[in-house]
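Each remark here refers to the structure printed beneath this line.
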Amino acid sequence: MISLLHDVTEFGKNRAAMLGLLVICLLIIIALLAEVISPYDPTKIILEDKLQAPSSDHIMGTDHLGRDVLSRIIYGSRVTFQFSIIVVAITAIIGITVGIVSGYYGGVVDEILMRFVDILLAFPGIILALVVIGTLGPGINNTILAISFVGWLSYARVTRGSTLSIKEKEFIESARSIGSGNIYIIYKHIYPNVLYPNIVLATLHMGSVILTVAALGFLGLGAQPPIPEWGTMLNEGKEFLRVCPWLSIFPGLMIMITVLAFNFIGDGLRDALDPRMKEVVIK
Amino acid sequence: MLKSILKRLGIFILVVVGATALVFFMLHYIPGETADVMARYIFIGNIEIEPSSEDVALISQHYELDKPLIIQYVSWLSRSLQGDLGMSYNTGQPVLDEIVIRLPATIKLAVVSVLISLIIGIPLGIVAAIKQNTIIDYICSTGAVIGVSIPNFWLALILIMVFSLYLDLTPVMGSGGVEHIILPSITLGTGMAAVTARLTRSSMLEVIRQDYVRTARGKGLAEKTIVVRHAMKNALIPVITIIGLEMGHLLGGTVIVETIFAWPGIGKLLIDAISQRDLPIIQGCVIFITVMYVFVNLIVDISYSIFDPRIRYER
């Protein structure tokens, strides 16, 4: 309990992390209250209002179909959070499970799982996600699947590493000597101890998932119009870069702010919870 | 030493075979990929025209489409080892030719981007480490976090907006002269520079605390000599791995950046192929990019153990 309190105060002292936390809380509130606060319907097409510059009526202007950009940004935060939380949850569960099984049982199971991880790690960046989308076709559901396909690798590696060191500890041996079964030991002793590094990882992963979802949207392979996803909005807006720069500025700015906030929180959490954790490469 | 290199080579081969098999199985899982469709593309070049049954049979036989997937894969692998990656549905040209034509453009962009990232990232990382916990360190470190948080496709748009459209200094897209490579390489280099700066900083911090640096300081050497002659030389060893890591960032990033700037490289070829569902090209590009990435990392791994004897003896 004392150590938890210590960690919380450590984290609280990190100004960048607190700023990040504030931003994310604000964005979550915006996402939840989208219906209440957005001034217009984000998908309503009013052609006579198209491509208006930012004004008091439309703070962020309107797009080529006369839709209010601010409203689309607000609903876009909902889309972004919804999908990135789903991806992070799926990948964390898969990765932690694989990591614990691999690290705890070792042997052939470990060897096979880790070689499989090696194979998936062979694909740089979003390349494998592109293969999945090339196979299944564009769309937001396939995007989630594509990103999840490689997203669990970092969790598996980090968890396996932690599990390997924890299972040599004395309290595991004493648990075993009083007759605890493997499942019980994993659930009661291993799992709580691998949680910290994975929380750090999940926070940083949120940022990278948001970037990838937006990148695929930008390439026209992710969420399809008229869904107000930030990357998709950028893709639609880039045709009007010269005449209507606001269509490209605001969605990108939102992506950057959100990712930055998660990275600040993640760095702060790492410093507070697990200072020895080195730079992790997140796929 | 030899043993560890051999072990790495073994893993390299396993990974290449596994990764190519994965891509092959995933892409051939598509129901549309049949002898009928392939015959339409390969013999007629037009999806609308019905191919003759002999053509279909010929294709089916050549690509062994009636055999189980694993046999198809093995024969595909042996064909690709001889340089035959199939024909593009779209242009009818051999996939390998399509890739090789575009390779120089991608390599040029990659090399310039890595140079930019090292030129920006290493000095920033070193300065941040030397001035640890000062305002300079905070600015460098925060700058690095911002650098990794900027979506590269958005950065590209902003750069185009400012330098091409408003200031009219650089061309919007295309390739050719030096002026064409500036914006794409800055776009790619920025994110990588941020990663480089972070890794250089943490590696430098570790080295600065070592005994031999304290000894050098005890001898009364100038701070500049200590940093340049003693600390930096060792701190930069882990930075070699950055090149390996950056290749991943780079090869993923080129896909997006090449598409935005219409840079005629492999990344653009891949994205175009995905939208045209040109399966042989998708497969060829992905496998080519992946093998390149794994190969660079193999080289980095091996050179790492040459540069840092501690790693050689530990294994």
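Residue names in the structure tokens use chain letters A, B, ... in the order shown, residue numbers from 1 in each chain, and ligand numbers from 1 in the order shown.
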Chain A contacts to chain B at 8 Å (only C-alpha atoms) as a PyMOL selection string: chain A and resi 115+118-120+122-128+130-132+134-136+207+211+215+218-219+234+238+241-242+245+248-249+252+255-257+259-260+263-264+279
Selected residues written out, N, CA, C and O atoms, as a compact mmCIF listing (two decimals), in the first residue's frame:
```txt
# COMPACT_ATOMS: atom_id res chain seq x y z
N ARG A 115 9.34 -18.27 -31.23
CA ARG A 115 9.71 -18.25 -32.65
C ARG A 115 8.58 -17.64 -33.47
O ARG A 115 8.82 -16.91 -34.42
N ASP A 118 8.93 -14.07 -33.12
CA ASP A 118 10.04 -13.62 -33.99
C ASP A 118 9.56 -13.42 -35.43
O ASP A 118 9.91 -12.45 -36.09
N ILE A 119 8.76 -14.38 -35.90
CA ILE A 119 8.29 -14.31 -37.28
C ILE A 119 7.41 -13.07 -37.48
O ILE A 119 7.57 -12.32 -38.43
N LEU A 120 6.50 -12.83 -36.53
CA LEU A 120 5.62 -11.66 -36.67
C LEU A 120 6.40 -10.36 -36.53
O LEU A 120 6.07 -9.35 -37.15
N ALA A 122 9.14 -9.82 -37.70
CA ALA A 122 9.93 -9.60 -38.90
C ALA A 122 9.29 -8.55 -39.81
O ALA A 122 9.96 -8.02 -40.68
N PHE A 123 8.01 -8.28 -39.60
CA PHE A 123 7.34 -7.33 -40.49
C PHE A 123 7.49 -5.91 -39.94
O PHE A 123 7.06 -5.64 -38.83
N PRO A 124 8.10 -5.02 -40.72
CA PRO A 124 8.30 -3.67 -40.21
C PRO A 124 7.01 -2.86 -40.19
O PRO A 124 6.22 -2.92 -41.14
N GLY A 125 6.82 -2.09 -39.11
CA GLY A 125 5.73 -1.12 -39.02
C GLY A 125 4.37 -1.67 -39.38
O GLY A 125 3.95 -2.72 -38.87
N ILE A 126 3.68 -0.96 -40.28
CA ILE A 126 2.30 -1.32 -40.57
C ILE A 126 2.20 -2.32 -41.74
O ILE A 126 1.11 -2.58 -42.23
N ILE A 127 3.32 -2.90 -42.15
CA ILE A 127 3.31 -3.74 -43.34
C ILE A 127 2.36 -4.94 -43.19
O ILE A 127 1.55 -5.23 -44.08
N LEU A 128 2.43 -5.62 -42.03
CA LEU A 128 1.58 -6.80 -41.87
C LEU A 128 0.11 -6.40 -41.78
O LEU A 128 -0.77 -7.10 -42.30
N LEU A 130 -1.12 -4.04 -43.40
CA LEU A 130 -1.51 -3.81 -44.80
C LEU A 130 -1.84 -5.13 -45.49
O LEU A 130 -2.75 -5.19 -46.31
N VAL A 131 -1.11 -6.21 -45.14
CA VAL A 131 -1.41 -7.51 -45.74
C VAL A 131 -2.81 -7.97 -45.31
O VAL A 131 -3.61 -8.44 -46.12
N VAL A 132 -3.09 -7.81 -44.02
CA VAL A 132 -4.40 -8.22 -43.52
C VAL A 132 -5.50 -7.46 -44.24
O VAL A 132 -6.50 -8.03 -44.69
N GLY A 134 -5.16 -5.96 -47.15
CA GLY A 134 -5.12 -6.39 -48.55
C GLY A 134 -5.91 -7.68 -48.74
O GLY A 134 -6.52 -7.90 -49.78
N THR A 135 -5.92 -8.54 -47.72
CA THR A 135 -6.65 -9.80 -47.81
C THR A 135 -8.14 -9.60 -47.58
O THR A 135 -8.97 -10.07 -48.35
N LEU A 136 -8.48 -8.88 -46.51
CA LEU A 136 -9.87 -8.81 -46.08
C LEU A 136 -10.60 -7.59 -46.64
O LEU A 136 -11.82 -7.50 -46.55
N GLY A 207 -1.14 5.28 -27.71
CA GLY A 207 -0.65 6.29 -28.64
C GLY A 207 -0.34 5.70 -30.00
O GLY A 207 -0.74 6.23 -31.04
N LEU A 211 -2.19 6.29 -33.72
CA LEU A 211 -1.45 6.69 -34.92
C LEU A 211 -1.70 5.73 -36.08
O LEU A 211 -1.90 6.15 -37.22
N ALA A 215 -3.38 6.42 -39.56
CA ALA A 215 -2.57 6.24 -40.77
C ALA A 215 -3.34 5.42 -41.80
O ALA A 215 -3.38 5.75 -42.98
N PHE A 218 -6.02 7.45 -43.19
CA PHE A 218 -5.45 8.42 -44.12
C PHE A 218 -5.17 7.78 -45.48
O PHE A 218 -5.33 8.40 -46.52
N LEU A 219 -4.74 6.51 -45.47
CA LEU A 219 -4.45 5.82 -46.73
C LEU A 219 -5.74 5.37 -47.42
O LEU A 219 -5.70 4.77 -48.49
N LEU A 234 -8.54 13.57 -42.61
CA LEU A 234 -7.34 14.13 -43.25
C LEU A 234 -7.25 13.70 -44.70
O LEU A 234 -6.87 14.46 -45.58
N LYS A 238 -7.16 16.42 -47.65
CA LYS A 238 -5.89 16.74 -48.30
C LYS A 238 -6.06 17.19 -49.75
O LYS A 238 -5.19 17.85 -50.31
N LEU A 241 -5.92 21.05 -49.83
CA LEU A 241 -4.83 21.58 -49.03
C LEU A 241 -4.56 23.05 -49.32
O LEU A 241 -4.30 23.85 -48.42
N ARG A 242 -4.63 23.42 -50.60
CA ARG A 242 -4.30 24.79 -50.97
C ARG A 242 -5.40 25.78 -50.57
O ARG A 242 -5.12 26.81 -49.98
N PRO A 245 -6.91 24.89 -45.90
CA PRO A 245 -5.93 24.21 -45.04
C PRO A 245 -6.53 23.72 -43.72
O PRO A 245 -6.03 22.75 -43.14
N SER A 248 -7.10 20.08 -43.12
CA SER A 248 -5.96 19.22 -42.83
C SER A 248 -5.33 19.54 -41.49
O SER A 248 -4.69 18.69 -40.88
N ILE A 249 -5.47 20.78 -41.04
CA ILE A 249 -4.78 21.17 -39.80
C ILE A 249 -5.44 20.55 -38.57
O ILE A 249 -4.79 19.87 -37.78
N GLY A 252 -5.35 16.57 -37.77
CA GLY A 252 -3.98 16.16 -37.47
C GLY A 252 -3.54 16.64 -36.11
O GLY A 252 -2.89 15.93 -35.35
N ILE A 255 -4.97 14.41 -33.51
CA ILE A 255 -4.24 13.14 -33.40
C ILE A 255 -2.97 13.36 -32.59
O ILE A 255 -2.66 12.62 -31.66
N MET A 256 -2.24 14.43 -32.94
CA MET A 256 -0.96 14.68 -32.27
C MET A 256 -1.15 14.92 -30.78
O MET A 256 -0.45 14.35 -29.95
N ILE A 257 -2.13 15.76 -30.44
CA ILE A 257 -2.36 16.08 -29.02
C ILE A 257 -2.70 14.81 -28.24
O ILE A 257 -2.17 14.55 -27.15
N VAL A 259 -2.05 11.60 -29.00
CA VAL A 259 -0.91 10.68 -28.92
C VAL A 259 0.12 11.21 -27.93
O VAL A 259 0.66 10.47 -27.10
N LEU A 260 0.37 12.51 -28.02
CA LEU A 260 1.34 13.15 -27.13
C LEU A 260 0.93 12.96 -25.67
O LEU A 260 1.75 12.61 -24.82
N ASN A 263 1.64 9.49 -24.60
CA ASN A 263 3.07 9.27 -24.44
C ASN A 263 3.61 9.92 -23.17
O ASN A 263 4.46 9.35 -22.48
N PHE A 264 3.11 11.12 -22.86
CA PHE A 264 3.51 11.77 -21.61
C PHE A 264 3.10 10.91 -20.40
O PHE A 264 3.90 10.68 -19.49
N GLU A 279 13.70 1.70 -22.97
CA GLU A 279 12.86 2.08 -24.11
C GLU A 279 12.24 0.80 -24.70
O GLU A 279 12.94 -0.14 -25.01
```
DSSP helix (DSSP H, G or I) residues within segment 36-206 of chain A, as number ranges by chain: A: 36-37, 47-49, 69-105, 107-121, 127-136, 140-151, 153-166, 170-177, 182-206
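Of the residues listed (B:Met232, B:Met87, B:Leu9, B:Ile99), B:Met232 shows the shortest atom-to-atom separation from Arg201 of chain B; distances use only C-alpha atoms.
Each of A:Gly76, A:Gly151, A:Gly161, A:Gly237 was compared to Gly106 of chain A using only C-alpha atoms, and A:Gly161 turns out to be the nearest.
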Atom CA of Ser305 of chain B to atom CA of Ile242 of chain B, distance in Å rounded to a single decimal: 14.5 Å
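Here atom CA of Val209 of chain A is placed at a distance of 5.9 Å from atom CA of Ser84 of chain A.
Comparing the minimum interatomic distances between Ile266 of chain B and each of B:Leu103, B:Leu69, B:Ile237, B:Leu115, counting only C-alpha atoms, we find that B:Leu103 sits nearest.
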